[in-house]
Amino acid sequence: MIVYPAIDLKQGEVVRLKQGDMDQATVYGSDPAKVAKGFEETGFAWVHVVDLDGAFAGQAMNLSAVEAVLDAVSIPVQLGGGIRTMDAVEGWLTRGISRVILGTAAVRDPDFVRRAAKEFPGKVAVGIDARGGKVAVEGWAEVSELTALDLAKRFEDAGIAAIIYTDIGRDGLLKGLDIDGTRALAEAVSIPVIASGGLAGIADIEALLRPENRIISGTIAGRALYDGRLDAKAALSLIRETA
């Protein structure tokens, strides 16, 4: 299982939101590259970056901050937020992003997502962000009528590298992951599923490592890392011990 430490970017700063609300942002730093380097030095194998401004604007808004992260680390970086054209996908991959995450585009233009996954094998993930079981888009500002499972099944045969499933109602609130819901999604599709939203501490890591939950391929860790509720070295050590 892989733990992806999250760097959410708003106007170049590292922030965490509550339930995706841009007006409820806590700033954790003004140097994303330094934060990313710290994660690498701690022993994380990936970094998860989200361009929050880009998610609302539909285009890259934190380009220099993301490039600084790429320059600072040698571990792979996955990026989401406002990536909605083939040029944007190719541009980010050319700059050194290892995997792009397509969210709103997966709902609005599934054919584009399929084309991107075919053209860039192993480089495209789908972000499924759900509120009350329904998929949210446009930086979580709008809720569609599509269920998370319905959206996931659309891409069953598309060659998608992973699905990142976020329970918006838990995100940033440290309530614990929706492990049951994430496991149900992972069991319903053949695409690897990553749990996101609400990771609160080492208990979530322990739960993910139970045999029945091993089908979940990873998790995103955000506020719990920044607030010190999750001891990163302890979590990584536990994962190694149970591998």
# chains A, B, ... in the order shown; residues from 1 in each chain; ligands from 1
$ select_by_dssp --residues "stretch 148-203 of chain A" --states "strand (DSSP E)" --output "list in words"
Ala162, Ile163, Ile164, Tyr165, Thr166, Asp167, Val193, Ile194, Ala195 and Ser196 of chain A
$ residues_around --residues "stretch 44-58 of chain A" --least-positions-apart "6" --cutoff "8 Å" --atoms "only C-alpha atoms" --output "mmCIF file with C-alpha atoms, in the first residue's frame"
data_model
loop_
_atom_site.group_PDB
_atom_site.id
_atom_site.type_symbol
_atom_site.label_atom_id
_atom_site.label_comp_id
_atom_site.auth_asym_id
_atom_site.auth_seq_id
_atom_site.Cartn_x
_atom_site.Cartn_y
_atom_site.Cartn_z
ATOM 1 C CA ILE A 2 1.198 3.496 -0.875
ATOM 2 C CA VAL A 3 0.596 6.586 1.260
ATOM 3 C CA TYR A 4 0.509 9.717 -0.884
ATOM 4 C CA PRO A 5 1.248 12.883 1.126
ATOM 5 C CA ALA A 6 -0.867 15.721 -0.243
ATOM 6 C CA ILE A 7 0.211 19.192 -1.265
ATOM 7 C CA ASP A 8 -2.845 21.288 -2.087
ATOM 8 C CA LEU A 9 -1.980 24.585 -3.744
ATOM 9 C CA LYS A 10 -3.904 27.840 -3.460
ATOM 10 C CA GLN A 11 -2.231 30.973 -4.807
ATOM 11 C CA ALA A 36 7.682 18.125 -0.986
ATOM 12 C CA VAL A 66 4.217 22.679 -9.287
ATOM 13 C CA ILE A 75 10.167 10.657 -6.378
ATOM 14 C CA PRO A 76 7.158 10.575 -8.724
ATOM 15 C CA VAL A 77 4.512 13.282 -8.492
ATOM 16 C CA GLN A 78 0.841 12.922 -9.420
ATOM 17 C CA LEU A 79 -1.138 16.069 -10.172
ATOM 18 C CA GLY A 80 -4.811 16.976 -10.341
ATOM 19 C CA GLY A 81 -6.786 20.170 -10.741
ATOM 20 C CA GLY A 82 -7.973 21.800 -13.956
ATOM 21 C CA ILE A 83 -6.451 19.300 -16.404
ATOM 22 C CA ARG A 84 -9.120 19.153 -19.103
ATOM 23 C CA GLU A 138 -15.759 21.921 -10.995
ATOM 24 C CA GLY A 139 -13.620 21.935 -7.866
ATOM 25 C CA ILE A 220 -3.993 10.230 0.451
ATOM 26 C CA LEU A 236 5.650 3.950 6.802
#
$ closest_residue --among "A:Ala184, A:Ala162, A:Leu63, A:Ala243" --to "A:Gly91" --atoms "only C-alpha atoms"
A:Leu63
$ residues_around --residues "stretch 117-123 of chain A" --least-positions-apart "5" --cutoff "10 Å" --atoms "only C-alpha atoms" --output "JSON, numbers by chain"
{"A": [78, 86, 89, 90, 93, 97, 98, 99, 100, 101, 111, 112, 155, 158, 159, 160, 161, 162]}
$ atom_distance --atom1 "atom CA of A:Ile168" --atom2 "atom CA of A:Ala186"
17.8 Å
$ atom_distance --atom1 "atom CA of A:Glu41" --atom2 "atom CA of A:Ala88"
29.5 Å
$ select_by_dssp --residues "stretch 25-205 of chain A" --states "helix (DSSP H, G or I)" --output "mmCIF file with N, CA and C atoms, in the first residue's frame"
data_model
loop_
_atom_site.group_PDB
_atom_site.id
_atom_site.type_symbol
_atom_site.label_atom_id
_atom_site.label_comp_id
_atom_site.auth_asym_id
_atom_site.auth_seq_id
_atom_site.Cartn_x
_atom_site.Cartn_y
_atom_site.Cartn_z
ATOM 1 N N PRO A 32 6.027 25.237 -1.318
ATOM 2 C CA PRO A 32 5.629 23.865 -1.665
ATOM 3 C C PRO A 32 6.810 22.944 -1.951
ATOM 4 N N ALA A 33 7.857 23.480 -2.553
ATOM 5 C CA ALA A 33 9.025 22.657 -2.865
ATOM 6 C C ALA A 33 9.687 22.132 -1.597
ATOM 7 N N LYS A 34 9.780 22.971 -0.591
ATOM 8 C CA LYS A 34 10.369 22.550 0.688
ATOM 9 C C LYS A 34 9.516 21.474 1.347
ATOM 10 N N VAL A 35 8.201 21.643 1.276
ATOM 11 C CA VAL A 35 7.294 20.640 1.849
ATOM 12 C C VAL A 35 7.470 19.304 1.130
ATOM 13 N N ALA A 36 7.519 19.351 -0.201
ATOM 14 C CA ALA A 36 7.682 18.125 -0.986
ATOM 15 C C ALA A 36 8.997 17.435 -0.669
ATOM 16 N N LYS A 37 10.070 18.216 -0.555
ATOM 17 C CA LYS A 37 11.382 17.639 -0.235
ATOM 18 C C LYS A 37 11.357 16.982 1.140
ATOM 19 N N GLY A 38 10.647 17.605 2.074
ATOM 20 C CA GLY A 38 10.514 17.006 3.399
ATOM 21 C C GLY A 38 9.815 15.663 3.351
ATOM 22 N N PHE A 39 8.787 15.570 2.522
ATOM 23 C CA PHE A 39 8.080 14.297 2.380
ATOM 24 C C PHE A 39 9.008 13.229 1.802
ATOM 25 N N GLU A 40 9.798 13.603 0.806
ATOM 26 C CA GLU A 40 10.727 12.649 0.205
ATOM 27 C C GLU A 40 11.753 12.181 1.238
ATOM 28 N N GLU A 41 12.289 13.108 1.995
ATOM 29 C CA GLU A 41 13.305 12.766 2.990
ATOM 30 C C GLU A 41 12.736 11.888 4.102
ATOM 31 N N THR A 42 11.443 12.007 4.369
ATOM 32 C CA THR A 42 10.789 11.169 5.380
ATOM 33 C C THR A 42 10.655 9.725 4.918
ATOM 34 N N LEU A 52 -5.622 23.643 -6.610
ATOM 35 C CA LEU A 52 -7.000 23.973 -6.236
ATOM 36 C C LEU A 52 -7.562 25.106 -7.085
ATOM 37 N N ASP A 53 -6.763 26.129 -7.310
ATOM 38 C CA ASP A 53 -7.223 27.232 -8.151
ATOM 39 C C ASP A 53 -7.524 26.731 -9.560
ATOM 40 N N GLY A 54 -6.690 25.825 -10.050
ATOM 41 C CA GLY A 54 -6.889 25.267 -11.379
ATOM 42 C C GLY A 54 -8.170 24.452 -11.492
ATOM 43 N N ALA A 55 -8.535 23.778 -10.392
ATOM 44 C CA ALA A 55 -9.756 22.977 -10.401
ATOM 45 C C ALA A 55 -10.988 23.845 -10.658
ATOM 46 N N PHE A 56 -10.960 25.067 -10.128
ATOM 47 C CA PHE A 56 -12.075 25.990 -10.335
ATOM 48 C C PHE A 56 -11.975 26.704 -11.680
ATOM 49 N N ALA A 57 -10.746 27.031 -12.093
ATOM 50 C CA ALA A 57 -10.548 27.798 -13.319
ATOM 51 C C ALA A 57 -10.578 26.942 -14.582
ATOM 52 N N LEU A 63 1.309 26.940 -11.802
ATOM 53 C CA LEU A 63 2.348 26.325 -12.626
ATOM 54 C C LEU A 63 3.727 26.409 -11.975
ATOM 55 N N SER A 64 4.120 27.599 -11.525
ATOM 56 C CA SER A 64 5.463 27.758 -10.972
ATOM 57 C C SER A 64 5.646 26.949 -9.695
ATOM 58 N N ALA A 65 4.596 26.856 -8.878
ATOM 59 C CA ALA A 65 4.686 26.077 -7.639
ATOM 60 C C ALA A 65 4.848 24.585 -7.943
ATOM 61 N N VAL A 66 4.096 24.093 -8.920
ATOM 62 C CA VAL A 66 4.217 22.679 -9.287
ATOM 63 C C VAL A 66 5.593 22.398 -9.872
ATOM 64 N N GLU A 67 6.078 23.288 -10.713
ATOM 65 C CA GLU A 67 7.407 23.094 -11.294
ATOM 66 C C GLU A 67 8.486 23.100 -10.215
ATOM 67 N N ALA A 68 8.300 23.933 -9.191
ATOM 68 C CA ALA A 68 9.264 23.965 -8.087
ATOM 69 C C ALA A 68 9.275 22.642 -7.338
ATOM 70 N N VAL A 69 8.088 22.041 -7.158
ATOM 71 C CA VAL A 69 7.998 20.725 -6.522
ATOM 72 C C VAL A 69 8.743 19.687 -7.359
ATOM 73 N N LEU A 70 8.517 19.711 -8.666
ATOM 74 C CA LEU A 70 9.178 18.757 -9.553
ATOM 75 C C LEU A 70 10.699 18.900 -9.495
ATOM 76 N N ASP A 71 11.173 20.130 -9.395
ATOM 77 C CA ASP A 71 12.618 20.369 -9.328
ATOM 78 C C ASP A 71 13.217 19.910 -7.996
ATOM 79 N N ALA A 72 12.363 19.881 -6.954
ATOM 80 C CA ALA A 72 12.867 19.618 -5.600
ATOM 81 C C ALA A 72 12.981 18.142 -5.269
ATOM 82 N N MET A 86 -6.091 17.614 -23.926
ATOM 83 C CA MET A 86 -4.954 16.753 -24.238
ATOM 84 C C MET A 86 -3.645 17.532 -24.168
ATOM 85 N N ASP A 87 -3.695 18.802 -24.583
ATOM 86 C CA ASP A 87 -2.489 19.628 -24.493
ATOM 87 C C ASP A 87 -2.038 19.777 -23.038
ATOM 88 N N ALA A 88 -3.000 19.931 -22.127
ATOM 89 C CA ALA A 88 -2.659 20.061 -20.709
ATOM 90 C C ALA A 88 -2.055 18.765 -20.178
ATOM 91 N N VAL A 89 -2.636 17.637 -20.548
ATOM 92 C CA VAL A 89 -2.103 16.334 -20.128
ATOM 93 C C VAL A 89 -0.669 16.180 -20.619
ATOM 94 N N GLU A 90 -0.476 16.395 -21.916
ATOM 95 C CA GLU A 90 0.855 16.223 -22.499
ATOM 96 C C GLU A 90 1.848 17.218 -21.909
ATOM 97 N N GLY A 91 1.384 18.449 -21.686
ATOM 98 C CA GLY A 91 2.264 19.471 -21.138
ATOM 99 C C GLY A 91 2.789 19.106 -19.768
ATOM 100 N N TRP A 92 1.899 18.616 -18.907
ATOM 101 C CA TRP A 92 2.326 18.247 -17.557
ATOM 102 C C TRP A 92 3.251 17.030 -17.573
ATOM 103 N N LEU A 93 2.923 16.051 -18.397
ATOM 104 C CA LEU A 93 3.768 14.860 -18.461
ATOM 105 C C LEU A 93 5.150 15.208 -19.009
ATOM 106 N N THR A 94 5.184 16.126 -19.967
ATOM 107 C CA THR A 94 6.466 16.568 -20.525
ATOM 108 C C THR A 94 7.296 17.290 -19.470
ATOM 109 N N ARG A 95 6.622 18.038 -18.593
ATOM 110 C CA ARG A 95 7.333 18.770 -17.538
ATOM 111 C C ARG A 95 7.876 17.846 -16.452
ATOM 112 N N THR A 104 -13.143 16.470 -13.218
ATOM 113 C CA THR A 104 -14.288 17.031 -13.936
ATOM 114 C C THR A 104 -14.359 16.499 -15.354
ATOM 115 N N ALA A 105 -13.212 16.363 -16.010
ATOM 116 C CA ALA A 105 -13.182 15.866 -17.381
ATOM 117 C C ALA A 105 -13.751 14.456 -17.487
ATOM 118 N N ALA A 106 -13.603 13.660 -16.430
ATOM 119 C CA ALA A 106 -14.121 12.292 -16.459
ATOM 120 C C ALA A 106 -15.644 12.269 -16.560
ATOM 121 N N VAL A 107 -16.283 13.302 -16.013
ATOM 122 C CA VAL A 107 -17.737 13.414 -16.082
ATOM 123 C C VAL A 107 -18.170 14.114 -17.365
ATOM 124 N N ARG A 108 -17.516 15.219 -17.667
ATOM 125 C CA ARG A 108 -17.912 16.058 -18.801
ATOM 126 C C ARG A 108 -17.533 15.468 -20.152
ATOM 127 N N PRO A 110 -15.859 11.937 -21.055
ATOM 128 C CA PRO A 110 -15.208 10.638 -20.829
ATOM 129 C C PRO A 110 -14.393 10.143 -22.024
ATOM 130 N N ASP A 111 -14.786 10.541 -23.238
ATOM 131 C CA ASP A 111 -14.022 10.120 -24.414
ATOM 132 C C ASP A 111 -12.609 10.702 -24.386
ATOM 133 N N PHE A 112 -12.496 11.941 -23.911
ATOM 134 C CA PHE A 112 -11.173 12.562 -23.773
ATOM 135 C C PHE A 112 -10.312 11.777 -22.793
ATOM 136 N N VAL A 113 -10.901 11.352 -21.686
ATOM 137 C CA VAL A 113 -10.153 10.586 -20.683
ATOM 138 C C VAL A 113 -9.671 9.275 -21.286
ATOM 139 N N ARG A 114 -10.528 8.645 -22.061
ATOM 140 C CA ARG A 114 -10.137 7.392 -22.711
ATOM 141 C C ARG A 114 -8.983 7.618 -23.697
ATOM 142 N N ARG A 115 -9.069 8.689 -24.456
ATOM 143 C CA ARG A 115 -7.995 9.002 -25.418
ATOM 144 C C ARG A 115 -6.686 9.250 -24.689
ATOM 145 N N ALA A 116 -6.774 10.009 -23.602
ATOM 146 C CA ALA A 116 -5.561 10.317 -22.843
ATOM 147 C C ALA A 116 -4.934 9.051 -22.265
ATOM 148 N N ALA A 117 -5.770 8.163 -21.723
ATOM 149 C CA ALA A 117 -5.264 6.921 -21.136
ATOM 150 C C ALA A 117 -4.633 6.019 -22.193
ATOM 151 N N LYS A 118 -5.192 6.050 -23.390
ATOM 152 C CA LYS A 118 -4.647 5.231 -24.479
ATOM 153 C C LYS A 118 -3.318 5.802 -24.981
ATOM 154 N N GLU A 119 -3.268 7.135 -25.072
ATOM 155 C CA GLU A 119 -2.059 7.774 -25.598
ATOM 156 C C GLU A 119 -0.910 7.760 -24.592
ATOM 157 N N ALA A 148 -20.637 7.409 -7.908
ATOM 158 C CA ALA A 148 -19.211 7.087 -8.003
ATOM 159 C C ALA A 148 -18.994 5.765 -8.724
ATOM 160 N N LEU A 149 -19.817 4.784 -8.422
ATOM 161 C CA LEU A 149 -19.666 3.474 -9.058
ATOM 162 C C LEU A 149 -19.952 3.545 -10.549
ATOM 163 N N ASP A 150 -20.993 4.279 -10.932
ATOM 164 C CA ASP A 150 -21.315 4.421 -12.350
ATOM 165 C C ASP A 150 -20.149 5.052 -13.111
ATOM 166 N N LEU A 151 -19.548 6.067 -12.510
ATOM 167 C CA LEU A 151 -18.429 6.740 -13.173
ATOM 168 C C LEU A 151 -17.228 5.807 -13.271
ATOM 169 N N ALA A 152 -16.946 5.084 -12.216
ATOM 170 C CA ALA A 152 -15.806 4.161 -12.235
ATOM 171 C C ALA A 152 -15.976 3.110 -13.323
ATOM 172 N N LYS A 153 -17.174 2.593 -13.456
ATOM 173 C CA LYS A 153 -17.422 1.529 -14.436
ATOM 174 C C LYS A 153 -17.282 2.022 -15.876
ATOM 175 N N ARG A 154 -17.441 3.322 -16.087
ATOM 176 C CA ARG A 154 -17.261 3.883 -17.422
ATOM 177 C C ARG A 154 -15.856 3.632 -17.963
ATOM 178 N N ILE A 179 -13.579 3.723 4.603
ATOM 179 C CA ILE A 179 -12.921 2.496 4.149
ATOM 180 C C ILE A 179 -13.927 1.515 3.555
ATOM 181 N N ASP A 180 -15.088 1.397 4.171
ATOM 182 C CA ASP A 180 -16.097 0.463 3.645
ATOM 183 C C ASP A 180 -16.527 0.866 2.243
ATOM 184 N N GLY A 181 -16.794 2.160 2.049
ATOM 185 C CA GLY A 181 -17.215 2.632 0.734
ATOM 186 C C GLY A 181 -16.121 2.494 -0.304
ATOM 187 N N THR A 182 -14.888 2.764 0.107
ATOM 188 C CA THR A 182 -13.762 2.646 -0.819
ATOM 189 C C THR A 182 -13.526 1.191 -1.186
ATOM 190 N N ARG A 183 -13.611 0.313 -0.194
ATOM 191 C CA ARG A 183 -13.428 -1.114 -0.471
ATOM 192 C C ARG A 183 -14.508 -1.626 -1.420
ATOM 193 N N ALA A 184 -15.747 -1.194 -1.216
ATOM 194 C CA ALA A 184 -16.845 -1.625 -2.087
ATOM 195 C C ALA A 184 -16.587 -1.198 -3.532
ATOM 196 N N LEU A 185 -16.061 0.018 -3.696
ATOM 197 C CA LEU A 185 -15.739 0.490 -5.044
ATOM 198 C C LEU A 185 -14.600 -0.329 -5.637
ATOM 199 N N ALA A 186 -13.575 -0.599 -4.832
ATOM 200 C CA ALA A 186 -12.427 -1.370 -5.310
ATOM 201 C C ALA A 186 -12.827 -2.792 -5.708
ATOM 202 N N GLU A 187 -13.786 -3.336 -4.984
ATOM 203 C CA GLU A 187 -14.249 -4.696 -5.297
ATOM 204 C C GLU A 187 -15.107 -4.735 -6.550
ATOM 205 N N ALA A 188 -15.667 -3.589 -6.927
ATOM 206 C CA ALA A 188 -16.602 -3.550 -8.056
ATOM 207 C C ALA A 188 -15.909 -3.316 -9.398
ATOM 208 N N ILE A 202 -3.032 6.972 12.637
ATOM 209 C CA ILE A 202 -2.474 5.644 12.417
ATOM 210 C C ILE A 202 -3.554 4.565 12.388
ATOM 211 N N ALA A 203 -4.693 4.804 13.034
ATOM 212 C CA ALA A 203 -5.774 3.814 13.015
ATOM 213 C C ALA A 203 -6.284 3.572 11.604
ATOM 214 N N ASP A 204 -6.300 4.612 10.789
ATOM 215 C CA ASP A 204 -6.716 4.443 9.393
ATOM 216 C C ASP A 204 -5.716 3.585 8.631
ATOM 217 N N ILE A 205 -4.439 3.788 8.883
ATOM 218 C CA ILE A 205 -3.413 2.979 8.227
ATOM 219 C C ILE A 205 -3.556 1.522 8.657
#
$ closest_residue --among "A:Ala60, A:Ile194, A:Val189, A:Leu177" --to "A:Glu206" --atoms "only C-alpha atoms"
A:Leu177
$ atom_distance --atom1 "atom CA of A:Leu208" --atom2 "atom CA of A:Tyr165"
14.3 Å
$ residues_around --residues "stretch 22-30 of chain A" --least-positions-apart "5" --cutoff "7 Å" --atoms "only C-alpha atoms" --output "ChimeraX atom specification"
/A:12-17
$ write_last_selection --atoms "C-alpha atoms" --output "tab-separated table (two decimals), in the first residue's frame"
chain	number	residue	atom	x	y	z
A	12	GLY	CA	1.14	29.28	-4.50
A	13	GLU	CA	0.72	28.31	-0.86
A	14	VAL	CA	0.29	24.89	0.73
A	15	VAL	CA	-3.21	24.71	2.21
A	16	ARG	CA	-5.83	22.26	3.42
A	17	LEU	CA	-9.52	22.84	2.89
